[in-house]
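Chemist: mmCIF, C-alpha atoms and all ligand atoms, saved as target_20.cif, coming up:
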data_run
loop_
_atom_site.label_atom_id
_atom_site.label_comp_id
_atom_site.auth_asym_id
_atom_site.auth_seq_id
_atom_site.Cartn_x
_atom_site.Cartn_y
_atom_site.Cartn_z
CA MET V 1 67.98 90.93 201.27
CA ALA V 2 69.57 88.77 198.63
CA ASN V 3 71.22 85.56 199.73
CA SER V 4 74.63 84.54 198.55
CA HIS V 5 73.88 80.96 197.51
CA ASP V 6 76.32 79.18 195.28
CA HIS V 7 74.77 79.21 191.83
CA ASP V 8 77.18 77.05 189.87
CA VAL V 9 75.40 76.07 186.68
CA ASP V 10 78.41 75.33 184.45
CA ASP V 11 77.53 71.63 184.16
CA LEU V 12 74.16 72.54 182.58
CA LEU V 13 75.52 74.87 179.93
CA GLU V 14 76.51 72.45 177.18
CA GLU V 15 73.01 70.95 177.02
CA LEU V 16 71.34 74.34 177.33
CA ILE V 17 73.34 75.81 174.45
CA ALA V 18 72.44 72.77 172.31
CA PHE V 19 68.77 73.24 173.26
CA ARG V 20 68.88 76.96 172.40
CA ARG V 21 70.42 76.30 168.99
CA ASP V 22 67.88 73.57 168.26
CA ILE V 23 65.02 75.98 169.06
CA HIS V 24 66.78 78.64 166.98
CA ALA V 25 67.00 76.30 164.00
CA HIS V 26 63.30 75.42 164.29
CA PRO V 27 61.53 78.73 164.98
CA GLU V 28 57.74 78.99 165.07
CA LEU V 29 55.48 82.04 164.76
CA ALA V 30 52.93 83.32 167.29
CA PHE V 31 50.46 80.66 168.48
CA LYS V 32 52.16 78.08 166.25
CA GLU V 33 54.84 77.16 168.80
CA VAL V 34 53.72 73.51 168.78
CA ASP V 35 57.09 71.77 168.49
CA THR V 36 58.75 74.31 170.78
CA ALA V 37 56.04 73.82 173.41
CA ASN V 38 56.39 70.03 173.11
CA LYS V 39 60.15 70.23 173.61
CA VAL V 40 59.70 72.50 176.63
CA ALA V 41 56.99 70.28 178.15
CA GLN V 42 59.10 67.14 177.63
CA SER V 43 62.16 68.75 179.21
CA LEU V 44 60.08 69.82 182.23
CA ARG V 45 58.59 66.32 182.61
CA ASP V 46 62.07 64.79 182.36
CA ILE V 47 63.08 66.62 185.52
CA GLY V 48 59.90 65.68 187.37
CA LEU V 49 57.82 68.86 187.16
CA GLU V 50 54.03 68.91 186.97
CA VAL V 51 53.34 70.16 183.44
CA THR V 52 50.22 71.79 182.02
CA THR V 53 50.03 72.41 178.29
CA GLY V 54 47.60 74.23 176.00
CA ILE V 55 47.16 77.34 178.18
CA GLY V 56 46.47 80.30 175.90
CA LYS V 57 46.66 77.90 172.90
CA THR V 58 50.33 76.87 172.94
CA GLY V 59 51.44 78.04 176.41
CA VAL V 60 53.07 75.67 178.91
CA VAL V 61 53.38 75.91 182.70
CA GLY V 62 55.72 73.73 184.75
CA THR V 63 55.23 73.69 188.51
CA LEU V 64 57.88 72.86 191.10
CA LYS V 65 57.29 72.70 194.86
CA ALA V 66 59.64 72.50 197.80
CA GLY V 67 58.98 72.71 201.53
CA ASN V 68 55.65 73.72 203.07
CA SER V 69 55.30 77.42 202.40
CA SER V 70 52.17 78.59 200.57
CA ARG V 71 54.11 81.41 198.90
CA THR V 72 54.42 81.30 195.11
CA ILE V 73 56.44 82.91 192.35
CA GLY V 74 56.02 82.92 188.57
CA LEU V 75 58.85 83.21 186.05
CA ARG V 76 57.94 83.85 182.45
CA ALA V 77 59.70 83.30 179.12
CA ASP V 78 58.34 83.85 175.61
CA MET V 79 58.70 81.19 172.89
CA ASP V 80 57.68 82.78 169.57
CA ALA V 81 59.79 83.85 166.59
CA LEU V 82 59.37 86.62 164.00
CA PRO V 83 58.42 86.67 160.31
CA ILE V 84 61.91 87.70 159.16
CA VAL V 85 64.32 86.03 156.72
CA GLU V 86 67.40 85.21 158.82
CA GLN V 87 70.71 86.51 157.48
CA THR V 88 73.15 85.33 160.14
CA GLY V 89 74.80 82.55 158.11
CA LEU V 90 75.08 80.56 161.37
CA PRO V 91 75.41 76.76 161.27
CA TYR V 92 72.20 76.57 163.35
CA ALA V 93 70.31 79.17 161.28
CA SER V 94 66.56 78.80 160.77
CA CYS V 95 65.41 75.74 158.80
CA ASN V 96 62.01 77.40 158.50
CA HIS V 97 62.51 80.03 155.78
CA GLY V 98 61.02 83.41 156.64
CA VAL V 99 60.68 82.57 160.35
CA PHE V 100 63.49 83.64 162.66
CA HIS V 101 64.31 84.03 166.35
CA GLY V 102 65.25 87.67 165.80
CA CYS V 103 64.26 88.76 169.31
CA GLY V 104 66.12 86.11 171.31
CA HIS V 105 63.05 84.31 172.66
CA ASP V 106 64.98 81.08 171.96
CA GLY V 107 67.40 82.26 174.65
CA HIS V 108 64.63 83.26 177.07
CA THR V 109 63.01 79.83 176.77
CA THR V 110 66.38 78.14 177.29
CA MET V 111 67.32 80.19 180.36
CA LEU V 112 63.98 79.47 182.03
CA LEU V 113 64.35 75.77 181.31
CA GLY V 114 67.86 75.95 182.77
CA ALA V 115 66.47 77.55 185.92
CA ALA V 116 63.85 74.79 186.20
CA ARG V 117 66.62 72.17 185.97
CA ASN V 118 68.78 73.98 188.48
CA LEU V 119 65.99 74.51 191.00
CA ALA V 120 64.60 70.99 190.55
CA ARG V 121 67.91 69.52 191.67
CA SER V 122 68.80 72.02 194.41
CA LYS V 123 65.30 72.70 195.79
CA ASN V 124 66.90 75.44 197.82
CA PHE V 125 63.62 77.29 198.39
CA ASP V 126 60.37 76.95 200.31
CA GLY V 127 57.18 77.36 198.29
CA THR V 128 55.95 76.92 194.71
CA VAL V 129 57.52 78.06 191.45
CA HIS V 130 55.49 78.29 188.23
CA PHE V 131 57.65 78.31 185.10
CA ILE V 132 55.47 80.09 182.52
CA PHE V 133 56.33 79.55 178.84
CA GLN V 134 54.10 81.86 176.84
CA PRO V 135 53.27 82.00 173.15
CA ALA V 136 52.88 84.95 170.83
CA GLU V 137 54.68 87.86 172.46
CA GLU V 138 55.33 89.52 169.09
CA GLY V 139 52.17 91.59 168.63
CA GLU V 140 49.66 88.80 169.29
CA ALA V 141 49.29 89.17 173.08
CA GLY V 142 50.04 85.59 174.09
CA ALA V 143 50.38 86.74 177.72
CA LYS V 144 46.80 88.02 177.60
CA ALA V 145 45.65 84.75 176.02
CA MET V 146 47.19 82.79 178.92
CA ILE V 147 45.62 85.12 181.51
CA GLU V 148 42.20 84.79 179.84
CA ASP V 149 42.70 81.04 179.97
CA GLY V 150 42.96 81.28 183.77
CA LEU V 151 46.75 81.43 184.20
CA PHE V 152 46.75 83.22 187.54
CA GLU V 153 43.65 81.41 188.90
CA ARG V 154 45.10 78.00 188.07
CA PHE V 155 48.66 79.00 189.00
CA PRO V 156 48.41 81.81 191.56
CA CYS V 157 51.59 83.87 191.85
CA ASP V 158 52.48 86.28 194.65
CA ARG V 159 55.12 87.73 192.37
CA VAL V 160 56.00 87.38 188.69
CA TYR V 161 59.25 88.15 186.85
CA ALA V 162 60.39 88.07 183.24
CA PHE V 163 63.48 89.16 181.47
CA HIS V 164 64.47 90.15 177.99
CA ASN V 165 67.94 90.07 176.48
CA TRP V 166 69.10 93.63 175.86
CA PRO V 167 71.68 94.35 173.13
CA ASP V 168 72.19 97.94 174.37
CA LEU V 169 73.73 96.67 177.63
CA PRO V 170 76.99 94.74 177.97
CA ALA V 171 76.77 91.01 178.68
CA GLY V 172 76.56 90.44 182.43
CA THR V 173 74.77 93.71 183.15
CA ILE V 174 71.26 93.42 184.56
CA ALA V 175 68.99 96.46 184.58
CA THR V 176 65.48 97.33 185.61
CA ARG V 177 63.64 100.23 187.21
CA PRO V 178 60.62 100.90 189.41
CA GLY V 179 57.62 102.20 187.46
CA PRO V 180 57.32 102.22 183.67
CA ILE V 181 59.96 100.22 181.79
CA MET V 182 58.34 99.59 178.38
CA ALA V 183 55.83 101.73 176.49
CA ALA V 184 52.17 101.22 175.74
CA ALA V 185 51.79 100.48 172.03
CA ASP V 186 48.74 101.71 170.10
CA LYS V 187 48.23 101.50 166.37
CA PHE V 188 45.87 103.47 164.21
CA SER V 189 44.59 103.13 160.70
CA ILE V 190 42.87 106.13 159.09
CA GLN V 191 40.63 105.99 156.02
CA VAL V 192 40.21 109.21 154.05
CA LYS V 193 37.38 109.08 151.54
CA GLY V 194 36.96 111.68 148.82
CA LYS V 195 35.04 110.90 145.66
CA GLY V 196 37.71 110.45 143.02
CA GLY V 197 37.81 111.98 139.56
CA HIS V 198 39.88 113.66 136.90
CA ALA V 199 42.93 115.50 138.21
CA ALA V 200 42.23 118.38 135.79
CA VAL V 201 38.94 119.20 137.55
CA PRO V 202 39.88 119.08 141.27
CA HIS V 203 36.95 121.35 142.20
CA GLN V 204 34.61 118.45 141.43
CA THR V 205 35.96 116.06 144.09
CA PRO V 206 37.20 116.38 147.67
CA ASP V 207 40.96 115.77 147.51
CA ALA V 208 41.79 112.74 149.66
CA ILE V 209 45.55 113.14 148.98
CA LEU V 210 45.57 116.73 150.19
CA ALA V 211 43.50 115.75 153.25
CA ALA V 212 45.96 112.93 154.00
CA SER V 213 48.96 115.24 153.78
CA GLU V 214 47.18 117.70 156.07
CA LEU V 215 46.58 114.83 158.50
CA VAL V 216 50.28 113.86 158.52
CA SER V 217 51.25 117.44 159.41
CA GLN V 218 48.55 117.90 162.03
CA LEU V 219 49.11 114.51 163.69
CA ASN V 220 52.78 115.40 164.06
CA THR V 221 51.88 118.47 166.12
CA ILE V 222 49.97 116.51 168.77
CA VAL V 223 52.95 115.44 170.90
CA SER V 224 54.71 118.81 170.63
CA ARG V 225 51.65 121.09 171.04
CA ARG V 226 49.06 119.10 173.00
CA ILE V 227 51.15 117.04 175.45
CA ALA V 228 53.01 118.65 178.35
CA PRO V 229 56.76 118.86 177.73
CA THR V 230 57.32 117.00 181.02
CA SER V 231 55.41 113.98 179.69
CA THR V 232 56.83 111.50 177.23
CA ALA V 233 55.17 110.21 174.09
CA VAL V 234 55.81 109.30 170.47
CA LEU V 235 53.43 109.49 167.53
CA SER V 236 54.68 108.26 164.15
CA VAL V 237 52.78 108.06 160.86
CA THR V 238 54.37 105.06 159.19
CA GLN V 239 52.37 104.26 156.08
CA ILE V 240 50.41 106.22 153.48
CA SER V 241 48.81 104.73 150.43
CA GLY V 242 46.49 105.95 147.71
CA GLY V 243 46.43 106.93 144.09
CA SER V 244 47.34 105.10 140.88
CA SER V 245 48.08 107.64 138.18
CA HIS V 246 49.29 111.20 137.49
CA ASN V 247 45.92 112.34 136.17
CA VAL V 248 43.49 110.69 138.59
CA LEU V 249 42.47 112.02 141.99
CA PRO V 250 41.98 108.87 144.09
CA GLY V 251 38.71 108.23 145.88
CA SER V 252 40.46 107.15 149.06
CA VAL V 253 43.77 107.23 150.91
CA GLU V 254 44.88 105.20 153.91
CA LEU V 255 47.26 106.20 156.69
CA THR V 256 48.75 104.00 159.40
CA GLY V 257 50.82 104.80 162.44
CA THR V 258 51.70 104.10 166.04
CA VAL V 259 51.54 105.87 169.39
CA ARG V 260 53.84 105.05 172.33
CA THR V 261 53.20 106.30 175.87
CA PHE V 262 53.93 105.40 179.51
CA ASP V 263 51.01 107.12 181.22
CA PRO V 264 47.39 106.07 180.51
CA GLN V 265 46.26 109.72 180.86
CA VAL V 266 48.67 110.85 178.15
CA GLN V 267 47.50 107.92 176.04
CA ASP V 268 43.90 109.12 176.43
CA GLN V 269 44.84 112.71 175.56
CA ILE V 270 46.57 111.61 172.36
CA GLU V 271 43.70 109.46 171.20
CA VAL V 272 41.25 112.32 171.82
CA ALA V 273 43.52 114.76 169.95
CA ILE V 274 43.83 112.41 166.97
CA ARG V 275 40.04 112.16 166.75
CA GLN V 276 39.74 115.95 166.89
CA VAL V 277 42.33 116.39 164.13
CA ILE V 278 40.44 113.93 161.96
CA GLU V 279 37.15 115.69 162.49
CA GLY V 280 38.70 119.09 161.73
CA VAL V 281 40.56 118.01 158.61
CA GLY V 282 37.45 116.22 157.37
CA ILE V 283 35.40 119.41 157.68
CA ALA V 284 38.13 121.58 156.15
CA THR V 285 38.67 119.31 153.13
CA GLY V 286 35.17 117.93 152.58
CA THR V 287 36.40 114.36 152.93
CA GLN V 288 34.95 111.58 155.11
CA ILE V 289 37.59 110.42 157.55
CA SER V 290 37.31 107.42 159.84
CA ILE V 291 39.77 105.80 162.22
CA ASP V 292 40.40 102.40 163.72
CA TYR V 293 42.37 103.02 166.95
CA ASN V 294 43.74 99.93 168.67
CA ARG V 295 45.50 99.88 172.05
CA TYR V 296 47.21 96.53 171.70
CA TYR V 297 49.80 96.51 174.50
CA PRO V 298 49.55 98.59 177.69
CA ALA V 299 52.64 100.13 179.29
CA THR V 300 54.82 97.65 181.19
CA ILE V 301 54.90 99.03 184.73
CA ASN V 302 57.08 97.46 187.40
CA ALA V 303 55.94 97.37 191.02
CA ASP V 304 58.46 99.34 193.07
CA ALA V 305 59.08 96.54 195.58
CA ALA V 306 59.53 93.95 192.84
CA ALA V 307 61.97 96.12 190.87
CA GLN V 308 64.02 96.89 194.00
CA HIS V 309 64.04 93.20 194.92
CA ALA V 310 65.19 92.30 191.41
CA LEU V 311 68.01 94.85 191.56
CA ALA V 312 69.19 93.57 194.94
CA VAL V 313 69.15 89.96 193.72
CA ALA V 314 70.76 90.91 190.39
CA ALA V 315 73.71 92.40 192.25
CA THR V 316 74.52 88.89 193.55
CA VAL V 317 74.85 87.41 190.04
CA GLY V 318 76.01 90.28 187.81
CA ASP V 319 76.37 94.06 187.49
CA ALA V 320 73.03 95.47 188.60
CA VAL V 321 72.07 98.90 187.29
CA GLU V 322 68.90 100.92 187.81
CA ALA V 323 67.82 101.81 184.26
CA PRO V 324 67.55 105.61 183.98
CA GLN V 325 64.84 105.55 181.28
CA PRO V 326 62.13 103.23 180.07
CA ALA V 327 62.26 101.96 176.46
CA PHE V 328 59.79 103.04 173.77
CA THR V 329 59.32 99.50 172.53
CA SER V 330 56.53 97.44 174.08
CA GLU V 331 56.03 94.06 175.68
CA ASP V 332 52.97 91.94 176.43
CA PHE V 333 54.34 91.01 179.86
CA ALA V 334 52.52 94.29 180.63
CA PHE V 335 49.30 92.23 180.89
CA MET V 336 50.86 89.93 183.50
CA LEU V 337 52.02 92.95 185.52
CA GLN V 338 48.46 94.31 185.47
CA ALA V 339 47.28 91.02 186.99
CA CYS V 340 50.15 90.31 189.38
CA GLU V 341 52.84 92.29 191.21
CA GLY V 342 56.20 91.89 189.53
CA ALA V 343 58.96 93.32 187.39
CA TYR V 344 60.42 93.11 183.91
CA ILE V 345 64.20 92.97 183.71
CA TRP V 346 66.75 93.64 180.95
CA LEU V 347 69.63 91.22 180.68
CA GLY V 348 72.60 92.74 178.83
CA GLN V 349 73.75 90.65 175.90
CA GLY V 350 76.13 93.00 174.05
CA LYS V 351 79.28 91.40 172.65
CA GLY V 352 82.22 93.83 172.70
CA GLY V 353 81.83 96.61 170.14
CA GLU V 354 79.31 94.66 168.06
CA HIS V 355 75.79 96.03 168.22
CA ILE V 356 73.03 94.26 166.38
CA PRO V 357 69.59 95.36 167.54
CA LEU V 358 66.58 93.16 168.28
CA HIS V 359 64.50 92.29 165.17
CA HIS V 360 67.53 92.72 162.87
CA PRO V 361 68.02 89.85 160.35
CA GLU V 362 71.57 89.31 161.68
CA PHE V 363 70.60 89.26 165.35
CA ASP V 364 71.55 86.23 167.43
CA PHE V 365 71.00 85.56 171.11
CA ASN V 366 74.33 85.54 172.97
CA ASP V 367 74.83 82.10 174.53
CA GLU V 368 77.39 83.58 176.90
CA ILE V 369 74.58 85.08 178.99
CA ILE V 370 72.71 81.81 179.55
CA ALA V 371 74.58 81.19 182.82
CA THR V 372 73.75 84.68 184.13
CA GLY V 373 70.09 84.24 183.18
CA VAL V 374 69.80 80.85 184.86
CA LYS V 375 71.49 82.21 187.99
CA LEU V 376 69.23 85.26 188.06
CA HIS V 377 66.03 83.20 187.79
CA THR V 378 67.37 80.86 190.47
CA ALA V 379 68.38 83.66 192.81
CA LEU V 380 65.01 85.42 192.41
CA VAL V 381 63.25 82.23 193.49
CA GLU V 382 65.61 81.46 196.37
CA ASP V 383 65.39 84.99 197.65
CA PHE V 384 61.62 85.39 197.30
CA LEU V 385 60.90 81.94 198.74
CA PRO V 386 63.59 81.61 201.43
CA GLN V 387 63.96 78.38 203.36
CA GLN V 388 63.34 78.39 207.11
CA GLY V 389 66.42 79.60 208.92
CA ASP V 390 67.82 81.33 205.84
ZN ZN T 401 60.56 91.32 169.66
ZN ZN T 402 61.23 89.98 172.40
#
Let me see whether you can do it: turn the structure in this file into structure tokens.
Modeler:
Amino acid sequence: MANSHDHDVDDLLEELIAFRRDIHAHPELAFKEVDTANKVAQSLRDIGLEVTTGIGKTGVVGTLKAGNSSRTIGLRADMDALPIVEQTGLPYASCNHGVFHGCGHDGHTTMLLGAARNLARSKNFDGTVHFIFQPAEEGEAGAKAMIEDGLFERFPCDRVYAFHNWPDLPAGTIATRPGPIMAAADKFSIQVKGKGGHAAVPHQTPDAILAASELVSQLNTIVSRRIAPTSTAVLSVTQISGGSSHNVLPGSVELTGTVRTFDPQVQDQIEVAIRQVIEGVGIATGTQISIDYNRYYPATINADAAAQHALAVAATVGDAVEAPQPAFTSEDFAFMLQACEGAYIWLGQGKGGEHIPLHHPEFDFNDEIIATGVKLHTALVEDFLPQQGD
């Protein structure tokens, strides 16, 4: 059960806020987090941690030991920014035009660094902590890159945790749940090939536009007609392009979309159904239809014990709530949870009535939650790696 250690971190906050705003002003895209990684590595060395750089390209791991226990825990933060033009007007707004910390990873990096500082001075635990700073969470699978580079062989973890700031929850609220918490994200790209020709003689060419519109309708029936109503899934067609003139039937049309699921079986069913729809529409319209189907992030699934542990610990530092539903967005921490038991946690960051969602050009990480984040990381470590006699 969670300890009630004193987690006073107020003296760290001024420096942490300055660090967060510096990272915010100098954002870097996926796998280009060179300066950010250098700043993180330097800060970890300054407090005496063993530091390993270049894991999964730009990833950094800092290791801290105390006592004699062989037990280990990993804490992960993501470091990358998004290709968005920032519109916050903040004094510490991005100096790198078109690159922006619109998902709050600047805050995640800062909170994990704060926890490293706090734990390095208190050493109120028995075992090993690996502070994992990963690149490229935004669609480029930096977590997978670190794992393929031997993350968990080089830095074995009995348990791994990560959290994400969550604008839908009030600041100070901490939520997670056993089982699925974030969706699997698949993307598909469909090529419809007709022949192309004069629009006045449509009988001389298969109509790729008509086939594409048929596909949009049919694809939208998959979740409602092919998936059990008790299961949860989303399929959205998000892009359609083809054609150049009012009197030309185009030779090809392209469609793009995404599928979100929590259960690998449902994911399989949807992919099969999409392929069947394509085959059927191709036959019916005389077009050649091909698909590129890419499962880029699996569902993020918390281990029951890890989620319950996180909720118990969270109750000692904030308002802990069991999240009633998973989110339909996705997260590459999913790969770490496939390799290691752990949980993904939402840290409320809402400010009063203001609600700016993640990935919005006016989003900004709420510095008021840094203390809660540092305390939560610290408490997870102290509780998972208790000292003798605790
Ligand atoms: Zn994001
Ligand atoms: Zn994010």
Chemist: So which residues touch segment 89-104 of chain V within 7 Å, counting only C-alpha atoms, skipping near sequence neighbours fewer than 4 positions away, as a ChimeraX atom specification?
Modeler: /V:21,24-29,81-85,108,165,358-361,363-365
Chemist: Just to confirm, what's the straight-line distance from atom CA of Leu385 of chain V to atom CA of Met336 of chain V in Å (one decimal)?
Modeler: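 For atom CA of Leu385 of chain V relative to atom CA of Met336 of chain V, the distance reads 19.9 Å.
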Chemist: Could you name the residues that touch segment 39-43 of chain V at 10 Å or less, counting only C-alpha atoms, but leaving out those on the same chain fewer than 4 positions away, as an MDAnalysis selection string?
Modeler: chainID V and resid 19 22:23 33:35 47:53 59:62 79 109:110 112:114 116:117 133
Chemist: I need the residues from that last selection saved to file as a compact mmCIF listing (two decimals), in the frame of the given file (with C-alpha atoms), if you can.
Modeler:
# COMPACT_ATOMS: atom_id res chain seq x y z
CA PHE V 19 68.77 73.24 173.26
CA ASP V 22 67.88 73.57 168.26
CA ILE V 23 65.02 75.98 169.06
CA GLU V 33 54.84 77.16 168.80
CA VAL V 34 53.72 73.51 168.78
CA ASP V 35 57.09 71.77 168.49
CA ILE V 47 63.08 66.62 185.52
CA GLY V 48 59.90 65.68 187.37
CA LEU V 49 57.82 68.86 187.16
CA GLU V 50 54.03 68.91 186.97
CA VAL V 51 53.34 70.16 183.44
CA THR V 52 50.22 71.79 182.02
CA THR V 53 50.03 72.41 178.29
CA GLY V 59 51.44 78.04 176.41
CA VAL V 60 53.07 75.67 178.91
CA VAL V 61 53.38 75.91 182.70
CA GLY V 62 55.72 73.73 184.75
CA MET V 79 58.70 81.19 172.89
CA THR V 109 63.01 79.83 176.77
CA THR V 110 66.38 78.14 177.29
CA LEU V 112 63.98 79.47 182.03
CA LEU V 113 64.35 75.77 181.31
CA GLY V 114 67.86 75.95 182.77
CA ALA V 116 63.85 74.79 186.20
CA ARG V 117 66.62 72.17 185.97
CA PHE V 133 56.33 79.55 178.84
Chemist: What is the distance, in Å and to one decimal place, between atom CA of Gly172 of chain V and atom CA of Val313 of chain V?
Modeler: 13.5 Å
Chemist: Just want the 9 Å neighbourhood of Tyr293 of chain V, counted on all atoms listed in the file, with same-chain residues fewer than 3 positions away dropped. Output as a ChimeraX atom specification.
Modeler: /V:186-190,271
Chemist: Work out how far atom CA of Thr258 of chain V is from atom CA of Leu235 of chain V, in Å to one decimal.
Modeler: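 Separating atom CA of Leu235 of chain V from atom CA of Thr258 of chain V is a distance of 5.9 Å.
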Chemist: Which is closer to Gly139 of chain V than all the others in V:Asn302, V:Gln338, V:Gln387, V:Thr329, using only C-alpha atoms?
Modeler: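 Looking only at the distances to Gly139 of chain V, the closest residue turns out to be V:Thr329.
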Chemist: Excluding Leu347 of chain V and its own-chain neighbours fewer than 6 positions away, which residues fall within 9 Å of it when counting only C-alpha atoms? Please give them as a PyMOL selection string.
Modeler: chain V and resi 163-167+169-176+369+372-373
Chemist: Quick one: of V:Ile274, V:Cys157, V:Leu249, V:Ala115, who's nearest to Val201 of chain V, counting all atoms listed in the file?
Modeler: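 Once distances to Val201 of chain V are computed over all atoms listed in the file, the minimum belongs to V:Leu249.
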Chemist: Smallest atom-to-atom distance to ligand ZN 402 (chain T): which of V:Asp78, V:Glu153, V:Asp8, V:Glu214, using only C-alpha atoms and all ligand atoms?
Modeler: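 Closest candidate: V:Asp78.
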Chemist: Counting all atoms listed in the file, figure out which residue out of V:Val272, V:Ala77, V:Ala307, V:Ala339 gets nearest to ligand ZN 402 (chain T).
Modeler: V:Ala77
Chemist: Counting all atoms listed in the file, what is within 8 Å of Val223 of chain V, bar same-chain residues fewer than 6 positions away, as a list in words?
Modeler: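 Counting only the stated atoms, we get Ala233, Val234, Leu235 and Ile270 of chain V.
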Chemist: Which of these residues is nearest to Gly280 of chain V, using all atoms listed in the file: V:Thr261, V:Thr256, V:Gln218, V:Thr230?
Modeler: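 Looking only at the distances to Gly280 of chain V, the closest residue turns out to be V:Gln218.
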Chemist: So which one's closest to ligand ZN 401 (chain T), V:Asp268, V:Asp332, V:Glu341, V:Asp46? Using all atoms listed in the file, please.
Modeler: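 The shortest atom-to-atom distance to ligand ZN 401 (chain T) comes from V:Asp332.
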Chemist: Select all residues near (46.8, 97.5, 170.6) (cut-off 7 Å, inclusive, file coordinates), counting all atoms listed in the file, and output them as an NGL selection string.
Modeler: :V and (185-187 or 294-297)
Chemist: Atoms to include: C-alpha atoms. Write the selected residues as a short mmCIF file (atom, residue, chain, number, x, y, z; two decimals), keeping the file's coordinate frame.
Modeler:
data_model
loop_
_atom_site.label_atom_id
_atom_site.label_comp_id
_atom_site.auth_asym_id
_atom_site.auth_seq_id
_atom_site.Cartn_x
_atom_site.Cartn_y
_atom_site.Cartn_z
CA ALA V 185 51.79 100.48 172.03
CA ASP V 186 48.74 101.71 170.10
CA LYS V 187 48.23 101.50 166.37
CA ASN V 294 43.74 99.93 168.67
CA ARG V 295 45.50 99.88 172.05
CA TYR V 296 47.21 96.53 171.70
CA TYR V 297 49.80 96.51 174.50
#
